[in-house]
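Here is final.txt, consisting of compact mmCIF, C-alpha atoms and all ligand atoms:
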```
# COMPACT_ATOMS: atom_id res chain seq x y z
CA MET K 215 76.45 96.41 96.09
CA PRO K 216 79.72 97.90 97.35
CA VAL K 217 82.57 95.56 98.27
CA THR K 218 83.76 96.21 101.82
CA ILE K 219 86.99 94.64 103.04
CA LEU K 220 88.13 94.55 106.65
CA ALA K 221 91.94 94.33 106.58
CA ILE K 222 94.32 93.23 109.34
CA GLU K 223 98.09 93.81 109.38
CA SER K 224 100.17 92.35 112.22
CA SER K 225 103.41 91.17 110.61
CA CYS K 226 105.81 93.07 112.84
CA ASP K 227 105.37 95.61 115.62
CA ASP K 228 102.35 97.63 114.48
CA THR K 229 98.76 96.48 114.84
CA SER K 230 96.78 97.98 112.00
CA VAL K 231 93.18 97.58 110.86
CA ALA K 232 91.61 99.26 107.83
CA ILE K 233 88.30 99.34 106.02
CA ILE K 234 88.44 99.52 102.23
CA ARG K 235 85.24 99.97 100.20
CA ASP K 236 85.47 99.60 96.41
CA GLY K 237 89.17 100.45 96.57
CA TYR K 238 88.63 103.58 98.70
CA VAL K 239 90.08 103.72 102.21
CA LEU K 240 87.40 104.59 104.77
CA SER K 241 89.63 104.11 107.81
CA ASN K 242 93.19 102.98 108.48
CA LEU K 243 94.18 102.76 112.15
CA ILE K 244 97.61 101.91 113.47
CA ALA K 245 98.58 101.12 117.06
CA ASN K 246 102.36 101.50 117.36
CA GLN K 247 104.27 99.53 119.96
CA ASP K 248 106.68 101.72 121.89
CA VAL K 249 107.84 98.79 124.03
CA HIS K 250 110.61 97.90 121.54
CA MET K 251 112.33 101.29 121.41
CA SER K 252 114.86 100.72 124.16
CA TYR K 253 115.78 97.22 122.90
CA GLY K 254 117.25 98.44 119.59
CA GLY K 255 114.88 96.20 117.64
CA VAL K 256 111.56 94.40 117.79
CA VAL K 257 111.23 91.79 120.57
CA PRO K 258 108.98 89.09 119.04
CA GLU K 259 107.38 87.92 122.28
CA LEU K 260 106.50 91.47 123.34
CA ALA K 261 105.16 92.20 119.86
CA SER K 262 102.69 89.32 119.82
CA ARG K 263 101.45 90.16 123.30
CA ALA K 264 100.87 93.78 122.28
CA HIS K 265 98.99 92.62 119.15
CA GLN K 266 96.72 90.53 121.36
CA ALA K 267 95.95 93.56 123.52
CA ASN K 268 95.42 95.91 120.55
CA ILE K 269 93.61 93.96 117.88
CA VAL K 270 90.04 94.11 119.22
CA PRO K 271 90.00 97.83 120.14
CA VAL K 272 91.75 98.81 116.90
CA THR K 273 89.17 96.85 114.86
CA GLN K 274 86.32 98.50 116.77
CA GLN K 275 87.83 101.93 116.10
CA ALA K 276 88.35 101.17 112.40
CA LEU K 277 84.68 100.17 111.98
CA LEU K 278 83.52 103.18 113.99
CA LYS K 279 85.62 105.60 111.96
CA ALA K 280 84.28 104.09 108.72
CA GLY K 281 80.74 104.44 110.06
CA LEU K 282 80.14 100.73 109.53
CA GLN K 283 79.29 97.64 111.54
CA ALA K 284 80.72 94.15 111.53
CA ASN K 285 77.89 92.85 109.35
CA ASP K 286 78.68 95.42 106.61
CA VAL K 287 81.96 93.60 105.90
CA ASN K 288 82.05 91.39 102.75
CA ALA K 289 85.48 89.78 103.31
CA VAL K 290 88.39 89.78 105.75
CA ALA K 291 91.91 90.26 104.37
CA PHE K 292 94.92 89.56 106.57
CA THR K 293 98.70 89.43 106.30
CA ARG K 294 99.76 85.79 106.00
CA GLY K 295 103.48 86.68 105.85
CA PRO K 296 106.35 87.30 105.69
CA GLY K 297 106.90 88.50 109.23
CA LEU K 298 107.24 87.42 112.84
CA LEU K 299 105.37 84.17 113.34
CA GLY K 300 103.89 85.05 116.73
CA SER K 301 102.68 88.43 115.46
CA LEU K 302 101.21 86.95 112.27
CA LEU K 303 99.43 84.30 114.31
CA VAL K 304 97.46 86.92 116.25
CA GLY K 305 96.23 88.65 113.06
CA THR K 306 95.51 85.37 111.27
CA SER K 307 93.52 83.92 114.18
CA PHE K 308 91.55 87.11 114.63
CA ALA K 309 90.78 87.31 110.88
CA LYS K 310 89.55 83.71 110.90
CA GLY K 311 87.34 84.33 113.92
CA PHE K 312 85.83 87.46 112.39
CA ALA K 313 85.23 85.79 109.01
CA LEU K 314 83.63 82.79 110.68
CA ALA K 315 81.39 84.94 112.88
CA GLN K 316 80.20 87.05 109.94
CA ASN K 317 80.16 84.12 107.50
CA VAL K 318 82.29 85.98 104.93
CA PRO K 319 85.35 84.84 102.92
CA LEU K 320 88.90 85.01 104.19
CA ILE K 321 91.66 86.44 101.97
CA GLU K 322 95.37 85.90 102.70
CA VAL K 323 97.72 88.66 101.61
CA ASN K 324 101.46 88.71 100.99
CA HIS K 325 102.83 91.70 102.93
CA LEU K 326 105.42 92.54 100.24
CA GLN K 327 102.89 92.50 97.42
CA ALA K 328 100.73 94.76 99.58
CA HIS K 329 103.52 97.34 100.00
CA VAL K 330 103.65 97.67 96.20
CA LEU K 331 99.86 97.74 95.88
CA ALA K 332 99.76 100.70 98.26
CA HIS K 333 100.05 102.72 95.04
CA PHE K 334 96.47 101.70 94.17
CA ILE K 335 94.77 102.84 97.39
CA LEU K 336 92.09 105.39 96.52
CA GLU K 337 91.08 108.27 98.78
CA LYS K 338 87.90 110.33 98.73
CA ASP K 339 88.31 113.89 97.41
CA LYS K 340 91.81 113.25 96.09
CA GLU K 341 93.29 113.23 92.60
CA ASN K 342 94.10 109.48 92.93
CA ARG K 343 96.85 109.09 90.32
CA VAL K 344 97.60 105.39 89.93
CA PRO K 345 100.37 103.70 87.91
CA SER K 346 99.70 101.92 84.65
CA PHE K 347 101.40 98.65 83.67
CA PRO K 348 104.12 97.58 83.37
CA PHE K 349 105.12 99.40 86.54
CA LEU K 350 108.65 99.25 87.96
CA CYS K 351 108.73 99.53 91.76
CA LEU K 352 111.53 99.73 94.30
CA LEU K 353 110.37 97.98 97.46
CA VAL K 354 112.48 99.07 100.41
CA SER K 355 111.52 98.03 103.93
CA GLY K 356 113.04 96.82 107.17
CA GLY K 357 113.29 93.26 105.89
CA HIS K 358 113.41 93.54 102.09
CA THR K 359 115.02 95.45 99.24
CA ARG K 360 113.71 94.46 95.84
CA ILE K 361 113.09 95.76 92.35
CA ILE K 362 109.77 94.49 91.06
CA ILE K 363 108.02 94.62 87.69
CA MET K 364 104.28 94.70 88.13
CA ARG K 365 102.34 93.53 85.07
CA SER K 366 98.91 93.76 86.68
CA GLN K 367 97.72 94.35 90.25
CA LEU K 368 98.37 90.71 91.13
CA GLU K 369 101.24 89.77 88.79
CA MET K 370 104.72 90.66 89.95
CA GLU K 371 108.21 89.66 88.92
CA VAL K 372 111.25 90.26 91.14
CA ILE K 373 114.20 91.41 89.01
CA GLY K 374 116.53 92.60 91.79
CA ASN K 375 117.01 91.57 95.40
CA THR K 376 119.38 92.11 98.29
CA ILE K 377 121.92 89.36 98.80
CA ASP K 378 122.22 90.17 102.52
CA ASP K 379 120.74 93.03 104.60
CA ALA K 380 117.78 95.20 103.60
CA ALA K 381 118.12 98.98 103.19
CA GLY K 382 115.98 99.53 106.29
CA GLU K 383 118.30 97.26 108.25
CA ALA K 384 121.27 99.37 107.14
CA PHE K 385 119.50 102.45 108.55
CA ASP K 386 118.49 100.68 111.76
CA LYS K 387 121.79 98.90 112.45
CA CYS K 388 123.98 101.93 111.70
CA GLY K 389 121.62 104.02 113.82
CA LYS K 390 121.99 101.57 116.70
CA VAL K 391 125.78 101.98 116.50
CA MET K 392 125.27 105.74 116.88
CA GLY K 393 123.08 105.10 119.93
CA PHE K 394 119.68 105.78 118.33
CA THR K 395 116.51 103.97 119.36
CA TYR K 396 114.66 101.60 117.01
CA PRO K 397 113.61 102.27 114.27
CA ALA K 398 116.54 104.54 113.47
CA GLY K 399 115.50 105.30 109.86
CA PRO K 400 113.24 108.25 110.68
CA ILE K 401 115.81 109.65 113.18
CA ILE K 402 118.62 109.51 110.61
CA ASP K 403 116.30 111.10 108.03
CA LYS K 404 115.62 114.03 110.36
CA LEU K 405 119.22 114.59 111.45
CA ALA K 406 120.50 114.23 107.87
CA LYS K 407 118.65 117.42 106.93
CA GLU K 408 121.14 119.45 109.01
CA GLY K 409 124.25 117.64 107.76
CA ASN K 410 126.67 117.57 104.84
CA ILE K 411 126.25 114.58 102.53
CA HIS K 412 129.93 114.78 101.48
CA ALA K 413 131.40 115.08 105.01
CA PHE K 414 132.35 111.38 105.11
CA LYS K 415 132.79 108.81 102.38
CA PHE K 416 131.57 105.24 102.76
CA ALA K 417 132.39 102.60 100.18
CA LYS K 418 129.54 101.46 97.96
CA PRO K 419 129.32 97.73 97.19
CA ARG K 420 129.93 96.51 93.66
CA ILE K 421 127.16 94.02 93.06
CA LYS K 422 126.43 92.87 89.54
CA GLY K 423 123.07 93.37 87.85
CA LEU K 424 120.11 94.66 89.77
CA ASP K 425 120.92 93.04 93.12
CA PHE K 426 121.88 94.90 96.28
CA SER K 427 124.15 94.39 99.27
CA PHE K 428 124.15 96.43 102.48
CA SER K 429 126.08 94.34 105.00
CA GLY K 430 129.48 95.71 103.86
CA LEU K 431 128.31 99.28 104.37
CA LYS K 432 127.17 98.46 107.89
CA THR K 433 130.54 96.90 108.73
CA SER K 434 132.57 99.72 107.22
CA PHE K 435 130.44 102.26 109.12
CA LEU K 436 131.07 100.36 112.34
CA TYR K 437 134.86 100.20 111.81
CA PHE K 438 135.00 103.83 110.75
CA LEU K 439 133.29 104.92 113.97
CA ARG K 440 135.41 102.60 116.11
CA ASP K 441 138.61 104.20 114.75
CA ARG K 442 137.35 107.76 115.12
CA LEU K 443 136.07 107.13 118.64
CA LYS K 444 139.59 106.05 119.67
CA GLU K 445 140.84 109.52 118.75
CA ASP K 446 137.83 111.38 120.13
CA PRO K 447 135.24 109.77 122.43
CA ASP K 448 132.74 112.53 121.51
CA PHE K 449 133.12 111.96 117.77
CA ILE K 450 129.55 110.75 117.21
CA GLU K 451 127.99 113.50 119.28
CA LYS K 452 129.99 116.21 117.49
CA ASN K 453 129.33 114.84 113.98
CA LYS K 454 125.85 113.37 114.27
CA ALA K 455 124.21 115.34 111.47
CA ASP K 456 127.12 114.87 109.04
CA LEU K 457 127.31 111.14 109.80
CA CYS K 458 123.56 110.76 109.16
CA ALA K 459 123.67 112.84 105.97
CA SER K 460 126.66 110.95 104.55
CA LEU K 461 125.31 107.53 105.47
CA GLN K 462 121.85 108.30 104.10
CA TYR K 463 123.37 109.69 100.91
CA THR K 464 125.33 106.46 100.39
CA ILE K 465 122.25 104.26 100.87
CA ILE K 466 120.15 106.45 98.58
CA SER K 467 122.76 106.50 95.80
CA ILE K 468 122.88 102.70 95.84
CA LEU K 469 119.08 102.45 95.62
CA VAL K 470 118.54 105.15 93.01
CA GLY K 471 121.51 103.96 90.90
CA LYS K 472 119.96 100.50 90.59
CA MET K 473 116.55 101.93 89.72
CA VAL K 474 118.13 103.95 86.90
CA ASN K 475 119.74 100.74 85.58
CA ALA K 476 116.48 98.81 85.96
CA SER K 477 114.55 101.43 84.01
CA GLN K 478 117.17 101.44 81.24
CA GLN K 479 117.25 97.64 81.03
CA THR K 480 113.49 97.15 80.98
CA GLY K 481 112.54 100.29 79.07
CA ILE K 482 109.90 100.99 81.74
CA SER K 483 109.47 104.61 82.79
CA GLU K 484 106.40 104.13 84.97
CA ILE K 485 108.32 104.12 88.27
CA GLY K 486 107.51 103.96 91.98
CA ILE K 487 108.89 103.40 95.46
CA ALA K 488 107.21 101.53 98.30
CA GLY K 489 107.86 100.19 101.81
CA GLY K 490 108.97 101.85 105.05
CA VAL K 491 112.21 103.31 103.67
CA SER K 492 110.26 105.05 100.90
CA ALA K 493 109.18 107.47 103.65
CA ASN K 494 112.76 108.78 103.57
CA SER K 495 112.76 112.40 102.47
CA GLY K 496 116.20 112.16 100.83
CA LEU K 497 115.15 109.14 98.75
CA ARG K 498 111.94 110.90 97.70
CA GLU K 499 113.89 113.99 96.61
CA GLU K 500 116.52 112.00 94.68
CA MET K 501 113.83 109.97 92.90
CA LYS K 502 112.05 113.20 91.93
CA LYS K 503 115.29 114.62 90.51
CA GLU K 504 115.90 111.47 88.45
CA ALA K 505 112.28 111.44 87.30
CA GLU K 506 112.62 114.95 85.96
CA LYS K 507 115.92 114.18 84.26
CA ARG K 508 114.77 110.90 82.75
CA LYS K 509 111.11 111.72 82.07
CA TRP K 510 109.84 109.06 84.44
CA ASN K 511 106.22 109.03 85.47
CA LEU K 512 106.97 108.80 89.20
CA PHE K 513 104.69 107.50 91.97
CA ILE K 514 105.44 108.06 95.65
CA PRO K 515 102.81 106.88 98.14
CA GLU K 516 101.46 109.09 100.92
CA PHE K 517 103.59 108.78 104.07
CA ARG K 518 100.95 106.83 105.96
CA PHE K 519 100.83 104.19 103.23
CA THR K 520 104.59 103.64 103.10
CA THR K 521 105.30 102.09 106.51
CA ASP K 522 103.28 99.07 107.64
CA ASN K 523 99.55 99.72 107.44
CA ALA K 524 96.38 97.70 106.88
CA ALA K 525 95.07 99.87 104.01
CA MET K 526 97.64 98.24 101.73
CA ILE K 527 96.46 94.80 102.90
CA GLY K 528 92.88 95.90 102.22
CA ILE K 529 93.55 97.09 98.66
CA THR K 530 95.34 93.81 97.87
CA GLY K 531 92.44 91.93 99.44
CA TYR K 532 90.04 93.93 97.29
CA TYR K 533 91.76 92.89 94.04
CA LYS K 534 91.90 89.28 95.21
CA TYR K 535 88.20 89.47 96.09
CA LEU K 536 87.39 90.65 92.55
CA ARG K 537 89.28 87.61 91.24
CA GLY K 538 87.63 85.25 93.72
CA GLU K 539 90.94 84.32 95.35
CA PHE K 540 89.85 83.19 98.80
CA SER K 541 91.64 81.19 101.49
CA SER K 542 90.47 78.17 103.44
CA HIS K 543 90.26 78.27 107.22
CA ASP K 544 93.19 75.82 107.34
CA VAL K 545 95.51 78.65 106.28
CA THR K 546 98.51 79.16 108.58
CA PRO K 547 100.84 82.16 108.82
CA LEU K 548 104.20 82.03 107.04
CA ALA K 549 107.32 83.68 108.46
CA ARG K 550 108.76 83.47 104.91
CA TYR K 551 106.29 83.82 102.08
O1 LIG K 601 107.81 98.60 105.68
P1 LIG K 601 108.15 98.79 107.10
O2 LIG K 601 107.26 99.67 107.92
O3 LIG K 601 108.22 97.42 107.83
C1 LIG K 601 108.73 96.28 107.22
O4 LIG K 601 107.95 95.60 106.51
O5 LIG K 601 109.94 96.05 107.38
O6 LIG K 601 109.64 99.33 107.13
C2 LIG K 601 110.29 99.61 108.34
C3 LIG K 601 111.65 100.17 108.00
C4 LIG K 601 112.55 100.35 109.22
O7 LIG K 601 113.81 99.80 108.90
C5 LIG K 601 112.63 101.86 109.37
O8 LIG K 601 113.86 102.31 109.93
C6 LIG K 601 112.49 102.32 107.94
O9 LIG K 601 111.52 101.47 107.40
N1 LIG K 601 112.06 103.72 107.84
C7 LIG K 601 112.83 104.71 107.34
C8 LIG K 601 112.08 105.91 107.45
N2 LIG K 601 110.86 105.60 107.99
C9 LIG K 601 110.88 104.26 108.21
N3 LIG K 601 114.07 104.68 106.85
C10 LIG K 601 114.60 105.84 106.43
N4 LIG K 601 113.96 107.03 106.51
C11 LIG K 601 112.71 107.11 107.00
N5 LIG K 601 112.09 108.29 107.06
ZN ZN K 602 106.39 96.26 105.71
```
For this file, write the structure as structure tokens.
Amino acid sequence: MPVTILAIESSCDDTSVAIIRDGYVLSNLIANQDVHMSYGGVVPELASRAHQANIVPVTQQALLKAGLQANDVNAVAFTRGPGLLGSLLVGTSFAKGFALAQNVPLIEVNHLQAHVLAHFILEKDKENRVPSFPFLCLLVSGGHTRIIIMRSQLEMEVIGNTIDDAAGEAFDKCGKVMGFTYPAGPIIDKLAKEGNIHAFKFAKPRIKGLDFSFSGLKTSFLYFLRDRLKEDPDFIEKNKADLCASLQYTIISILVGKMVNASQQTGISEIGIAGGVSANSGLREEMKKEAEKRKWNLFIPEFRFTTDNAAMIGITGYYKYLRGEFSSHDVTPLARY
């Protein structure tokens, strides 16, 4: 009998539903919320309302695309946290209702663990290279920046963490200063391709060990622009590409530098990146260069599995299902997991 997991992700501003069967993704639908763009960040109240509107049609579409019906589902996996409480509540309540109606188990999933497990999503008619253990993964998203050692699909150890902002926040906040809409990461990525990475120099933080800090970079970027704008009000407009390239280069060097140290310290050369920022083309390129130089066995997820998606929740749910790790219906969402 195949194991079919219906997976729900609603931790932030995207409503996503996926169907995973025996580790293979059959469908993975994402409804993006454009309502937040002009606010420079996600507005929690608007996000939960949009989740409420989207969750039923997105689930119907996910089942349809997979060619399955509600009663083909063996378990419902959902994001318990971390994330926005109101958003998580919509996904959690829906998952409970679905599980109750179909009389199948409920499986809570940690969103961060799921980002890392995205490396194990299988696709039909693909090569499906998956990491072996121990696996060293850089998790870079809008809310987190961590270096993780994975010893099995469900055993993870955090060996590096940000002491303030996440890398994604550095992209988004610096982008906001330049007048970009939210999320600014993909916009900076695109503009950076036309710019010079050495045009401007931004100080890199000196943080001991494998930890990160990005709040200083954000502040120095802000002050730098404030000074230049005094001399020339069109400074940003005239230097957009160079600003993006230099800023992105600084963030990437911090991230890649720590991964090099982490690999040296742990002796692990099975290496990966995960989370929304791992969609960044500059980071992908730099990691590939290092991998070649240092003989790493490098894993970079498909673009659609890097930013928030339910397929990663489904694959985590699948491994928890195999271990019989189910949740009770008393389970409540957690803003911090
Ligand atoms: O993992 P994710 O989708 O959501 C969280 O769990 O936070 O990550 C979202 C973050 C945002 O900060 C966004 O700006 C960033 O990922 N991001 C990127 C790119 N695509 C998304 N940052 C840099 N370059 C990109 N191409
Ligand atoms: Zn995420």
Protein, DNA and RNA residues within 8 Å of (86.2, 82.5, 106.6), all atoms listed in the file, as JSON, numbers by chain: {"K": [290, 309, 310, 311, 312, 313, 314, 317, 318, 319, 320, 541, 542, 543]}
Those same residues - C-alpha atoms - I'd like them written as an mmCIF file, keeping the file's coordinate frame.
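Result file is result-v8.cif:
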```
data_model
loop_
_atom_site.group_PDB
_atom_site.id
_atom_site.type_symbol
_atom_site.label_atom_id
_atom_site.label_comp_id
_atom_site.auth_asym_id
_atom_site.auth_seq_id
_atom_site.Cartn_x
_atom_site.Cartn_y
_atom_site.Cartn_z
ATOM 1 C CA VAL K 290 88.390 89.780 105.750
ATOM 2 C CA ALA K 309 90.780 87.310 110.880
ATOM 3 C CA LYS K 310 89.550 83.710 110.900
ATOM 4 C CA GLY K 311 87.340 84.330 113.920
ATOM 5 C CA PHE K 312 85.830 87.460 112.390
ATOM 6 C CA ALA K 313 85.230 85.790 109.010
ATOM 7 C CA LEU K 314 83.630 82.790 110.680
ATOM 8 C CA ASN K 317 80.160 84.120 107.500
ATOM 9 C CA VAL K 318 82.290 85.980 104.930
ATOM 10 C CA PRO K 319 85.350 84.840 102.920
ATOM 11 C CA LEU K 320 88.900 85.010 104.190
ATOM 12 C CA SER K 541 91.640 81.190 101.490
ATOM 13 C CA SER K 542 90.470 78.170 103.440
ATOM 14 C CA HIS K 543 90.260 78.270 107.220
#
```
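The nearest approach to K:Leu298 among the residues K:Lys404, K:His265, K:Lys279, K:Arg518, with only C-alpha atoms taken into account, belongs to K:His265.
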Nearby residues, ligand LIG 601 (chain K), 9 Å, only C-alpha atoms and all ligand atoms, as JSON, numbers by chain: {"K": [225, 226, 227, 228, 296, 297, 325, 326, 329, 353, 354, 355, 356, 357, 358, 380, 381, 382, 383, 384, 385, 386, 387, 389, 396, 397, 398, 399, 400, 401, 402, 403, 404, 462, 488, 489, 490, 491, 492, 493, 494, 495, 496, 497, 517, 520, 521, 522, 523]}
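Among the candidates K:Ala417, K:Leu443, K:Leu405, K:Leu303, the one nearest to K:Leu548 when counting all atoms listed in the file is K:Leu303.
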Take the point (104.1, 99.8, 122.2) as written in the file and pick out every residue within 9 Å of it, counting only C-alpha atoms; give the list as a count of residues only. 12
If we count only C-alpha atoms and set the cut-off at 6 Å, which residues sit around K:Arg365, ignoring sequence neighbours fewer than 2 positions away in its own chain? Please answer as a short mmCIF file (atom, residue, chain, number, x, y, z; two decimals) with C-alpha atoms, keeping the file's coordinate frame.
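After the write, out-v9.cif holds the following:
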```cif
data_model
loop_
_atom_site.label_atom_id
_atom_site.label_comp_id
_atom_site.auth_asym_id
_atom_site.auth_seq_id
_atom_site.Cartn_x
_atom_site.Cartn_y
_atom_site.Cartn_z
CA PHE K 347 101.40 98.65 83.67
CA PRO K 348 104.12 97.58 83.37
CA GLU K 369 101.24 89.77 88.79
#
```
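Among the candidates K:Arg508, K:Ile527, K:Lys390, K:Leu424, the one nearest to ligand ZN 602 (chain K) when counting only C-alpha atoms and all ligand atoms is K:Ile527.
Remark: for ligand ZN 602 (chain K), the closest of the candidate residues K:Gln327, K:Gln266, K:Gln367, K:Gln283 is K:Gln327 (distances computed over only C-alpha atoms and all ligand atoms).
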Expressed in Å to a single decimal, how great is the separation between atom CA of K:Phe426 and atom CA of K:His412? 22.1 Å
Atom CA of K:Lys407 to atom CA of K:Ile514, distance in Å rounded to a single decimal: 19.7 Å
Distance criterion (all atoms listed in the file): nearest to ligand ZN 602 (chain K) out of K:Ala232, K:Ile219, K:Ala524, K:Ala315: K:Ala524
Please write all heavy atoms of stretch 276-284 of chain K, from the structure given just now, as a CSV table (one decimal), in the first residue's frame.
```csv
chain,number,residue,atom,x,y,z
K,276,ALA,N,-4.7,20.7,-5.5
K,276,ALA,CA,-3.5,19.8,-5.3
K,276,ALA,C,-4.0,18.3,-5.4
K,276,ALA,O,-3.3,17.5,-6.0
K,276,ALA,CB,-3.0,20.0,-3.9
K,277,LEU,N,-5.2,18.0,-4.9
K,277,LEU,CA,-5.7,16.6,-5.1
K,277,LEU,C,-6.0,16.3,-6.6
K,277,LEU,O,-5.6,15.3,-7.1
K,277,LEU,CB,-7.0,16.5,-4.3
K,277,LEU,CG,-6.8,16.3,-2.7
K,277,LEU,CD1,-8.1,16.5,-2.0
K,277,LEU,CD2,-6.2,14.9,-2.4
K,278,LEU,N,-6.6,17.3,-7.2
K,278,LEU,CA,-6.9,17.1,-8.6
K,278,LEU,C,-5.7,16.9,-9.5
K,278,LEU,O,-5.6,16.0,-10.3
K,278,LEU,CB,-7.6,18.4,-9.1
K,278,LEU,CG,-8.4,18.3,-10.4
K,278,LEU,CD1,-9.6,17.5,-10.2
K,278,LEU,CD2,-8.8,19.8,-10.9
K,279,LYS,N,-4.7,17.7,-9.2
K,279,LYS,CA,-3.4,17.6,-10.0
K,279,LYS,C,-2.8,16.2,-9.7
K,279,LYS,O,-2.1,15.6,-10.6
K,279,LYS,CB,-2.5,18.7,-9.6
K,279,LYS,CG,-1.2,18.7,-10.4
K,279,LYS,CD,-0.8,20.1,-10.9
K,279,LYS,CE,0.4,20.0,-11.8
K,279,LYS,NZ,1.7,20.3,-11.1
K,280,ALA,N,-2.9,15.7,-8.5
K,280,ALA,CA,-2.3,14.4,-8.2
K,280,ALA,C,-3.2,13.3,-8.7
K,280,ALA,O,-2.7,12.1,-8.7
K,280,ALA,CB,-2.1,14.3,-6.7
K,281,GLY,N,-4.4,13.6,-9.2
K,281,GLY,CA,-5.3,12.6,-9.6
K,281,GLY,C,-5.8,11.7,-8.5
K,281,GLY,O,-6.1,10.5,-8.7
K,282,LEU,N,-6.0,12.3,-7.3
K,282,LEU,CA,-6.4,11.6,-6.1
K,282,LEU,C,-7.6,12.3,-5.5
K,282,LEU,O,-8.0,13.4,-5.9
K,282,LEU,CB,-5.3,11.5,-5.1
K,282,LEU,CG,-4.0,10.8,-5.5
K,282,LEU,CD1,-3.0,10.9,-4.4
K,282,LEU,CD2,-4.3,9.4,-5.8
K,283,GLN,N,-8.2,11.5,-4.6
K,283,GLN,CA,-9.4,12.1,-3.9
K,283,GLN,C,-9.1,12.1,-2.4
K,283,GLN,O,-8.1,11.4,-1.9
K,283,GLN,CB,-10.6,11.2,-4.1
K,283,GLN,CG,-11.0,11.3,-5.6
K,283,GLN,CD,-12.3,10.6,-5.9
K,283,GLN,OE1,-12.6,9.6,-5.3
K,283,GLN,NE2,-12.9,11.0,-6.9
K,284,ALA,N,-9.9,12.8,-1.6
K,284,ALA,CA,-9.6,13.0,-0.2
K,284,ALA,C,-9.4,11.7,0.5
K,284,ALA,O,-8.6,11.5,1.4
K,284,ALA,CB,-10.8,13.8,0.4
```
